[in-house]
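Text of the file start_12.pdb, holding PDB, C-alpha atoms:
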ATOM      1  CA  MET I   1      -9.241  42.155 177.745
ATOM      2  CA  GLY I   2      -6.063  43.855 177.968
ATOM      3  CA  VAL I   3      -4.182  45.902 175.106
ATOM      4  CA  VAL I   4      -0.671  44.844 174.185
ATOM      5  CA  LEU I   5       1.711  47.692 173.077
ATOM      6  CA  LYS I   6       4.676  46.921 170.764
ATOM      7  CA  GLU I   7       8.036  48.424 171.547
ATOM      8  CA  ARG I   8       9.260  50.832 168.812
ATOM      9  CA  THR I   9      12.942  50.722 168.047
ATOM     10  CA  VAL I  10      15.113  53.120 166.044
ATOM     11  CA  GLU I  11      17.299  51.643 163.341
ATOM     12  CA  PRO I  12      21.059  52.018 163.869
ATOM     13  CA  ARG I  13      21.531  53.883 160.585
ATOM     14  CA  MET I  14      19.047  56.504 161.483
ATOM     15  CA  GLN I  15      20.533  56.749 164.947
ATOM     16  CA  LYS I  16      24.061  57.326 163.593
ATOM     17  CA  LYS I  17      22.820  60.012 161.283
ATOM     18  CA  ALA I  18      21.165  61.811 164.066
ATOM     19  CA  GLU I  19      24.317  61.677 166.155
ATOM     20  CA  THR I  20      26.526  63.178 163.382
ATOM     21  CA  THR I  21      24.205  65.970 162.398
ATOM     22  CA  ALA I  22      23.419  67.137 165.829
ATOM     23  CA  PRO I  23      26.014  69.671 167.174
ATOM     24  CA  THR I  24      27.866  68.695 170.287
ATOM     25  CA  TYR I  25      29.445  71.121 172.717
ATOM     26  CA  THR I  26      32.071  70.114 175.206
ATOM     27  CA  GLY I  27      31.938  72.720 177.830
ATOM     28  CA  ILE I  28      32.032  75.811 175.500
ATOM     29  CA  SER I  29      29.329  77.950 174.104
ATOM     30  CA  LEU I  30      28.498  78.321 170.428
ATOM     31  CA  GLU I  31      29.896  81.855 170.349
ATOM     32  CA  ASP I  32      33.209  80.714 171.733
ATOM     33  CA  TYR I  33      33.364  77.935 169.175
ATOM     34  CA  ILE I  34      32.708  80.319 166.316
ATOM     35  CA  TYR I  35      35.348  82.730 167.686
ATOM     36  CA  ILE I  36      37.960  79.961 167.861
ATOM     37  CA  GLU I  37      37.211  78.777 164.344
ATOM     38  CA  ALA I  38      37.419  82.329 163.031
ATOM     39  CA  LYS I  39      40.705  82.917 164.829
ATOM     40  CA  GLU I  40      42.196  79.724 163.373
ATOM     41  CA  LYS I  41      41.004  80.747 159.927
ATOM     42  CA  CYS I  42      42.592  84.167 160.364
ATOM     43  CA  TYR I  43      45.819  82.530 161.404
ATOM     44  CA  GLU I  44      45.771  80.303 158.314
ATOM     45  CA  VAL I  45      45.111  83.338 156.105
ATOM     46  CA  GLU I  46      47.921  85.234 157.810
ATOM     47  CA  ILE I  47      50.358  82.347 157.330
ATOM     48  CA  LYS I  48      49.400  82.057 153.682
ATOM     49  CA  ALA I  49      49.779  85.828 153.198
ATOM     50  CA  LEU I  50      53.168  85.791 154.890
ATOM     51  CA  LYS I  51      54.328  82.961 152.624
ATOM     52  CA  GLU I  52      53.117  84.794 149.526
ATOM     53  CA  PHE I  53      54.763  88.017 150.764
ATOM     54  CA  GLN I  54      58.035  86.216 151.420
ATOM     55  CA  LYS I  55      57.914  84.650 147.986
ATOM     56  CA  ALA I  56      57.172  87.986 146.298
ATOM     57  CA  LYS I  57      59.880  89.689 148.367
ATOM     58  CA  GLU I  58      62.462  87.081 147.374
ATOM     59  CA  ALA I  59      61.498  87.487 143.727
ATOM     60  CA  ILE I  60      61.861  91.279 143.979
ATOM     61  CA  VAL I  61      65.161  90.951 145.847
ATOM     62  CA  ASP I  62      66.514  88.494 143.271
ATOM     63  CA  ARG I  63      65.409  90.721 140.403
ATOM     64  CA  GLU I  64      66.856  93.890 141.907
ATOM     65  CA  SER I  65      70.031  92.047 142.937
ATOM     66  CA  ALA I  66      70.481  90.875 139.361
ATOM     67  CA  THR I  67      69.904  94.423 138.131
ATOM     68  CA  ILE I  68      72.452  95.782 140.605
ATOM     69  CA  ARG I  69      74.958  93.076 139.657
ATOM     70  CA  ASP I  70      74.495  93.824 135.975
ATOM     71  CA  SER I  71      74.908  97.522 136.676
ATOM     72  CA  PHE I  72      78.082  96.989 138.682
ATOM     73  CA  ASP I  73      79.399  94.514 136.104
ATOM     74  CA  GLY I  74      78.830  97.107 133.388
ATOM     75  CA  ARG I  75      80.522  99.792 135.454
ATOM     76  CA  TYR I  76      83.399  97.453 136.258
ATOM     77  CA  ARG I  77      83.881  96.544 132.602
ATOM     78  CA  ALA I  78      83.686 100.198 131.589
ATOM     79  CA  ARG I  79      86.165 101.099 134.319
ATOM     80  CA  GLU I  80      88.450  98.257 133.248
ATOM     81  CA  VAL I  81      88.311  99.417 129.625
ATOM     82  CA  GLU I  82      89.011 102.982 130.738
ATOM     83  CA  HIS I  83      91.922 101.774 132.855
ATOM     84  CA  ARG I  84      93.344  99.838 129.907
ATOM     85  CA  ILE I  85      92.988 102.870 127.651
ATOM     86  CA  GLN I  86      94.714 105.086 130.227
ATOM     87  CA  ARG I  87      97.478 102.525 130.681
ATOM     88  CA  SER I  88      97.938 102.197 126.924
ATOM     89  CA  THR I  89      97.995 105.985 126.616
ATOM     90  CA  ARG I  90     100.640 106.283 129.335
ATOM     91  CA  ILE I  91     102.739 103.569 127.692
ATOM     92  CA  ASN I  92     102.461 105.248 124.297
ATOM     93  CA  LEU I  93     103.360 108.632 125.772
ATOM     94  CA  ALA I  94     106.355 107.087 127.528
ATOM     95  CA  ARG I  95     107.455 105.419 124.299
ATOM     96  CA  LEU I  96     106.961 108.648 122.380
ATOM     97  CA  LYS I  97     108.950 110.574 124.977
ATOM     98  CA  LYS I  98     111.696 107.958 124.841
ATOM     99  CA  MET I  99     111.733 108.110 121.044
ATOM    100  CA  ASN I 100     111.884 111.907 121.078
ATOM    101  CA  GLU I 101     114.760 111.883 123.542
ATOM    102  CA  ARG I 102     116.637 109.398 121.373
ATOM    103  CA  ASN I 103     116.001 111.504 118.282
ATOM    104  CA  ARG I 104     117.295 114.577 120.122
ATOM    105  CA  ALA I 105     120.449 112.709 121.104
ATOM    106  CA  VAL I 106     121.018 111.519 117.537
ATOM    107  CA  LEU I 107     120.302 114.984 116.148
ATOM    108  CA  ARG I 108     122.782 116.468 118.591
ATOM    109  CA  ILE I 109     125.472 114.122 117.259
ATOM    110  CA  LEU I 110     124.750 115.280 113.707
ATOM    111  CA  HIS I 111     124.999 118.900 114.803
ATOM    112  CA  HIS I 112     128.298 118.331 116.590
ATOM    113  CA  ALA I 113     129.707 116.603 113.505
ATOM    114  CA  GLN I 114     128.605 119.474 111.257
ATOM    115  CA  PHE I 115     130.027 122.099 113.586
ATOM    116  CA  GLU I 116     133.356 120.289 113.986
ATOM    117  CA  LEU I 117     133.688 119.858 110.210
ATOM    118  CA  LEU I 118     132.867 123.536 109.685
ATOM    119  CA  GLU I 119     135.558 124.525 112.160
ATOM    120  CA  ARG I 120     138.038 122.177 110.483
ATOM    121  CA  ILE I 121     137.509 123.489 106.944
ATOM    122  CA  THR I 122     137.541 127.074 108.229
ATOM    123  CA  LYS I 123     140.845 126.704 110.051
ATOM    124  CA  ASP I 124     142.636 124.177 107.801
ATOM    125  CA  ARG I 125     142.774 125.499 104.220
ATOM    126  CA  GLU I 126     144.866 122.604 102.972
ATOM    127  CA  PHE I 127     142.414 120.051 104.335
ATOM    128  CA  TYR I 128     139.459 121.865 102.767
ATOM    129  CA  SER I 129     141.314 122.166  99.469
ATOM    130  CA  GLY I 130     141.732 118.385  99.373
ATOM    131  CA  VAL I 131     138.068 117.879 100.197
ATOM    132  CA  LEU I 132     136.928 120.227  97.419
ATOM    133  CA  ARG I 133     139.284 118.536  94.950
ATOM    134  CA  LYS I 134     137.733 115.144  95.689
ATOM    135  CA  LEU I 135     134.176 116.479  95.576
ATOM    136  CA  ILE I 136     134.700 118.111  92.171
ATOM    137  CA  LEU I 137     136.476 115.025  90.793
ATOM    138  CA  GLN I 138     133.631 112.762  91.939
ATOM    139  CA  GLY I 139     131.122 115.068  90.266
ATOM    140  CA  LEU I 140     133.056 114.991  86.982
ATOM    141  CA  ILE I 141     133.238 111.200  87.028
ATOM    142  CA  ARG I 142     129.531 110.906  87.703
ATOM    143  CA  MET I 143     128.517 113.365  84.980
ATOM    144  CA  MET I 144     131.112 112.590  82.272
ATOM    145  CA  GLU I 145     130.460 115.912  80.535
ATOM    146  CA  LYS I 146     132.962 117.924  78.494
ATOM    147  CA  GLN I 147     131.714 121.233  79.870
ATOM    148  CA  VAL I 148     130.568 121.863  83.448
ATOM    149  CA  MET I 149     129.800 124.774  85.742
ATOM    150  CA  VAL I 150     130.823 124.711  89.399
ATOM    151  CA  ARG I 151     128.816 126.593  91.997
ATOM    152  CA  CYS I 152     130.302 127.175  95.424
ATOM    153  CA  LEU I 153     130.163 129.569  98.352
ATOM    154  CA  PRO I 154     131.462 133.096  97.726
ATOM    155  CA  ARG I 155     134.280 132.512 100.191
ATOM    156  CA  ASP I 156     135.397 129.401  98.270
ATOM    157  CA  VAL I 157     135.586 130.927  94.770
ATOM    158  CA  SER I 158     139.323 131.641  94.890
ATOM    159  CA  LEU I 159     140.105 128.240  96.362
ATOM    160  CA  VAL I 160     138.048 126.430  93.705
ATOM    161  CA  ASN I 161     139.772 128.390  90.935
ATOM    162  CA  GLU I 162     143.126 127.316  92.351
ATOM    163  CA  ILE I 163     142.345 123.598  92.327
ATOM    164  CA  ILE I 164     140.486 123.434  88.977
ATOM    165  CA  PRO I 165     143.657 122.893  86.851
ATOM    166  CA  SER I 166     144.872 119.992  89.005
ATOM    167  CA  VAL I 167     141.391 118.446  89.108
ATOM    168  CA  ARG I 168     141.072 118.763  85.329
ATOM    169  CA  GLN I 169     144.396 117.025  84.809
ATOM    170  CA  THR I 170     143.558 114.261  87.315
ATOM    171  CA  PHE I 171     140.236 113.636  85.597
ATOM    172  CA  HIS I 172     141.884 113.492  82.163
ATOM    173  CA  ASP I 173     144.481 110.993  83.397
ATOM    174  CA  LEU I 174     141.764 108.871  85.000
ATOM    175  CA  VAL I 175     139.626 108.788  81.850
ATOM    176  CA  GLN I 176     142.662 107.925  79.752
ATOM    177  CA  LYS I 177     143.647 105.118  82.095
ATOM    178  CA  GLU I 178     140.229 103.586  82.616
ATOM    179  CA  LEU I 179     138.566 104.304  79.238
ATOM    180  CA  GLY I 180     141.534 104.767  76.927
ATOM    181  CA  GLN I 181     140.327 108.193  75.728
ATOM    182  CA  ARG I 182     143.345 110.463  75.428
ATOM    183  CA  ASP I 183     141.540 113.463  73.954
ATOM    184  CA  PHE I 184     138.807 113.711  76.582
ATOM    185  CA  TRP I 185     139.300 117.074  78.249
ATOM    186  CA  VAL I 186     136.658 118.749  80.389
ATOM    187  CA  GLU I 187     136.129 122.494  80.544
ATOM    188  CA  ILE I 188     135.466 123.629  84.106
ATOM    189  CA  LYS I 189     134.195 127.089  84.988
ATOM    190  CA  VAL I 190     133.110 128.633  88.283
ATOM    191  CA  ASP I 191     129.612 130.105  88.164
ATOM    192  CA  GLU I 192     130.154 133.314  90.107
ATOM    193  CA  SER I 193     126.822 134.759  88.994
ATOM    194  CA  SER I 194     124.783 132.346  91.107
ATOM    195  CA  PRO I 195     126.876 131.253  94.109
ATOM    196  CA  LEU I 196     125.578 129.040  96.883
ATOM    197  CA  GLU I 197     124.166 130.663 100.002
ATOM    198  CA  PRO I 198     126.087 130.020 103.213
ATOM    199  CA  ARG I 199     124.192 128.070 105.875
ATOM    200  CA  GLU I 200     124.925 129.167 109.407
ATOM    201  CA  ILE I 201     125.812 126.505 111.940
ATOM    202  CA  VAL I 202     126.231 127.744 115.496
ATOM    203  CA  SER I 203     127.657 126.033 118.524
ATOM    204  CA  LEU I 204     125.035 124.750 120.976
ATOM    205  CA  ASP I 205     125.406 123.918 124.647
ATOM    206  CA  ASP I 206     124.491 120.475 125.910
ATOM    207  CA  ASP I 207     121.485 121.969 127.714
ATOM    208  CA  ALA I 208     120.188 123.754 124.622
ATOM    209  CA  ASP I 209     116.911 122.664 123.060
ATOM    210  CA  ILE I 210     118.157 120.849 119.984
ATOM    211  CA  GLU I 211     114.711 120.697 118.386
ATOM    212  CA  ALA I 212     114.512 124.491 118.351
ATOM    213  CA  HIS I 213     117.519 124.459 115.999
ATOM    214  CA  ASN I 214     116.264 121.597 113.844
ATOM    215  CA  GLU I 215     115.882 123.885 110.830
ATOM    216  CA  GLU I 216     119.513 124.892 111.155
ATOM    217  CA  ILE I 217     120.764 121.311 111.427
ATOM    218  CA  THR I 218     118.734 119.573 108.728
ATOM    219  CA  LEU I 219     118.433 121.094 105.266
ATOM    220  CA  HIS I 220     115.225 120.750 103.260
ATOM    221  CA  LYS I 221     115.404 118.958  99.922
ATOM    222  CA  GLU I 222     114.127 121.978  98.027
ATOM    223  CA  GLU I 223     117.030 124.048  99.356
ATOM    224  CA  ASP I 224     119.896 121.556  99.218
ATOM    225  CA  HIS I 225     121.068 123.005  95.853
ATOM    226  CA  LYS I 226     120.953 126.572  97.152
ATOM    227  CA  LYS I 227     122.413 126.530 100.661
ATOM    228  CA  CYS I 228     125.347 124.745 102.267
ATOM    229  CA  PHE I 229     128.253 125.266 104.655
ATOM    230  CA  GLY I 230     130.769 123.900 102.178
ATOM    231  CA  GLY I 231     131.256 121.845  99.033
ATOM    232  CA  VAL I 232     130.092 122.338  95.451
ATOM    233  CA  VAL I 233     127.145 121.877  93.089
ATOM    234  CA  ILE I 234     128.142 120.899  89.546
ATOM    235  CA  THR I 235     125.883 121.336  86.513
ATOM    236  CA  SER I 236     126.372 120.405  82.885
ATOM    237  CA  GLY I 237     126.935 123.112  80.302
ATOM    238  CA  ASP I 238     123.302 123.009  79.182
ATOM    239  CA  GLY I 239     122.028 122.850  82.771
ATOM    240  CA  ALA I 240     120.208 119.548  82.155
ATOM    241  CA  THR I 241     122.311 117.539  84.613
ATOM    242  CA  ILE I 242     123.122 118.499  88.166
ATOM    243  CA  CYS I 243     125.343 116.873  90.768
ATOM    244  CA  LYS I 244     124.878 118.047  94.356
ATOM    245  CA  ASN I 245     128.105 117.391  96.176
ATOM    246  CA  THR I 246     127.922 119.777  99.123
ATOM    247  CA  LEU I 247     129.223 118.895 102.550
ATOM    248  CA  ASP I 248     125.665 119.082 103.856
ATOM    249  CA  ILE I 249     124.425 116.374 101.499
ATOM    250  CA  ARG I 250     127.483 114.152 101.903
ATOM    251  CA  MET I 251     127.297 114.381 105.669
ATOM    252  CA  GLU I 252     123.560 113.624 105.599
ATOM    253  CA  GLN I 253     124.228 110.540 103.460
ATOM    254  CA  CYS I 254     126.981 109.398 105.780
ATOM    255  CA  PHE I 255     124.790 110.071 108.794
ATOM    256  CA  GLN I 256     121.864 108.025 107.410
ATOM    257  CA  GLU I 257     124.162 105.129 106.529
ATOM    258  CA  SER I 258     125.732 105.193 110.000
ATOM    259  CA  LEU I 259     122.451 105.694 111.856
ATOM    260  CA  PRO I 260     121.930 101.995 112.768
ATOM    261  CA  VAL I 261     125.432 101.824 114.243
ATOM    262  CA  ILE I 262     124.924 105.121 116.076
ATOM    263  CA  ARG I 263     121.627 103.962 117.579
ATOM    264  CA  LYS I 264     123.081 100.599 118.569
ATOM    265  CA  THR I 265     126.034 102.311 120.233
ATOM    266  CA  LEU I 266     123.991 104.925 122.062
ATOM    267  CA  PHE I 267     121.001 102.745 122.931
ATOM    268  CA  PRO I 268     121.951  99.111 123.496
ATOM    269  CA  GLU I 269     119.121  96.614 123.332
ATOM    270  CA  GLY I 270     116.984  96.614 126.482
ATOM    271  CA  ARG I 271     117.871 100.170 127.518
TER
END
Rewrite the structure from the file as structure tokens, please.
Amino acid sequence: MGVVLKERTVEPRMQKKAETTAPTYTGISLEDYIYIEAKEKCYEVEIKALKEFQKAKEAIVDRESATIRDSFDGRYRAREVEHRIQRSTRINLARLKKMNERNRAVLRILHHAQFELLERITKDREFYSGVLRKLILQGLIRMMEKQVMVRCLPRDVSLVNEIIPSVRQTFHDLVQKELGQRDFWVEIKVDESSPLEPREIVSLDDDADIEAHNEEITLHKEEDHKKCFGGVVITSGDGATICKNTLDIRMEQCFQESLPVIRKTLFPEGR
């Protein structure tokens, strides 16, 4: 009797599993395969490292660039501020220099006027006599006192004594005409015990430093009743009232009143 053997078959699922799990080599050895895989992995790591390095480098470059820009912006702003300050300083110095030059020119005019008037009253006695007569009469009208003392320069004492009678009569006639007071007579005396001190005014060349002679040209307020180059100072009998009518003060008043016209004439607008 014969034995019948059954054919054993492998299920497809089991067969597929065996095919996927079993390594296959297509013409290369296992060592070569491992080497290739490792090389590819190294390449991937290198690419990733390069990307991370590039990203970090760009971040550092951006950060440092911003720092450098901020630094240069700060320096530029500081330099711009410094430039503006220097420009403003130069402009102010130029304006100050211009102002000083204008003041020198105006001061020179005052000096020339003083010197010319001094020469005129020194050479023309009649002219100076008329000036003194008017100055004393103005002082009497302003004070309206019955007794006054007149102080003048030592060189003018004789001239003042000569004109006092005519001034006294003119003042009496004026008071009588304007106020109707016929018996108002003023007693005028020259105070020879305390005369005024002469103020020296010298001629200056056009090239001379006018500011160096500023003290000679302008008289301080605390000395305007002590020094002058002409004119009079009138005080009441009790010394309570004083009228400064020197040529120095009158010329200073005239100069200050005429200063706008002088400046406009010398320095037209825009020059």
task: Using all atoms listed in the file, collect all residues at a distance of at most 9 Å from (128.5, 113.2, 110.2) as written in the file, then present them as JSON, numbers by chain.
output: {"I": [109, 110, 111, 112, 113, 114, 117, 250, 251, 252, 253, 254, 255, 256, 258]}
Which neighbours of segment 147-159 of chain I fall inside 12 Å, counting all atoms listed in the file, when residues of the same chain fewer than 6 positions from it are skipped, and could you give them as a compact mmCIF listing (two decimals) with C-alpha atoms, in the frame of the given file?
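New file around.txt:
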# COMPACT_ATOMS: atom_id res chain seq x y z
CA ILE I 121 137.51 123.49 106.94
CA THR I 122 137.54 127.07 108.23
CA ARG I 125 142.77 125.50 104.22
CA GLU I 126 144.87 122.60 102.97
CA PHE I 127 142.41 120.05 104.34
CA TYR I 128 139.46 121.86 102.77
CA SER I 129 141.31 122.17 99.47
CA GLY I 130 141.73 118.38 99.37
CA VAL I 131 138.07 117.88 100.20
CA LEU I 132 136.93 120.23 97.42
CA ARG I 133 139.28 118.54 94.95
CA LEU I 135 134.18 116.48 95.58
CA ILE I 136 134.70 118.11 92.17
CA LEU I 137 136.48 115.02 90.79
CA GLY I 139 131.12 115.07 90.27
CA LEU I 140 133.06 114.99 86.98
CA ILE I 141 133.24 111.20 87.03
CA PRO I 165 143.66 122.89 86.85
CA ARG I 168 141.07 118.76 85.33
CA PHE I 184 138.81 113.71 76.58
CA TRP I 185 139.30 117.07 78.25
CA VAL I 186 136.66 118.75 80.39
CA GLU I 187 136.13 122.49 80.54
CA ILE I 188 135.47 123.63 84.11
CA LYS I 189 134.20 127.09 84.99
CA VAL I 190 133.11 128.63 88.28
CA ASP I 191 129.61 130.10 88.16
CA GLU I 192 130.15 133.31 90.11
CA SER I 193 126.82 134.76 88.99
CA SER I 194 124.78 132.35 91.11
CA PRO I 195 126.88 131.25 94.11
CA LEU I 196 125.58 129.04 96.88
CA GLU I 197 124.17 130.66 100.00
CA PRO I 198 126.09 130.02 103.21
CA ARG I 199 124.19 128.07 105.88
CA HIS I 225 121.07 123.00 95.85
CA LYS I 226 120.95 126.57 97.15
CA LYS I 227 122.41 126.53 100.66
CA CYS I 228 125.35 124.74 102.27
CA PHE I 229 128.25 125.27 104.66
CA GLY I 230 130.77 123.90 102.18
CA GLY I 231 131.26 121.84 99.03
CA VAL I 232 130.09 122.34 95.45
CA VAL I 233 127.14 121.88 93.09
CA ILE I 234 128.14 120.90 89.55
CA THR I 235 125.88 121.34 86.51
CA SER I 236 126.37 120.40 82.88
CA GLY I 237 126.94 123.11 80.30
CA ASP I 238 123.30 123.01 79.18
CA GLY I 239 122.03 122.85 82.77
CA ALA I 240 120.21 119.55 82.16
CA THR I 241 122.31 117.54 84.61
CA ILE I 242 123.12 118.50 88.17
CA CYS I 243 125.34 116.87 90.77
CA LYS I 244 124.88 118.05 94.36
CA ASN I 245 128.10 117.39 96.18
CA THR I 246 127.92 119.78 99.12
CA LEU I 247 129.22 118.90 102.55
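Reported to one decimal place, the separation of atom CA of Leu259 of chain I from atom CA of Ala105 of chain I is 11.8 Å.
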query: atom CA of Glu58 of chain I and atom CA of Lys41 of chain I, how far apart in Å?
result: 25.7 Å
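Proximity ranking of I:Glu82, I:Ser88, I:Gln138, I:Lys146 relative to Val167 of chain I places I:Gln138 first, based on only C-alpha atoms.
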query: What is the distance between atom CA of Asn161 of chain I and atom CA of Arg142 of chain I, in Å to one decimal?
result: 20.5 Å
field: Minimum-distance residue to Thr265 of chain I, chosen among I:Lys55, I:Val202, I:Val106, I:Val45 (using all atoms listed in the file)
entry: I:Val106
query: Taking into account only C-alpha atoms, which residue in the set I:Arg63, I:Arg102, I:Arg87, I:Lys134 is nearest to Pro268 of chain I?
result: I:Arg102
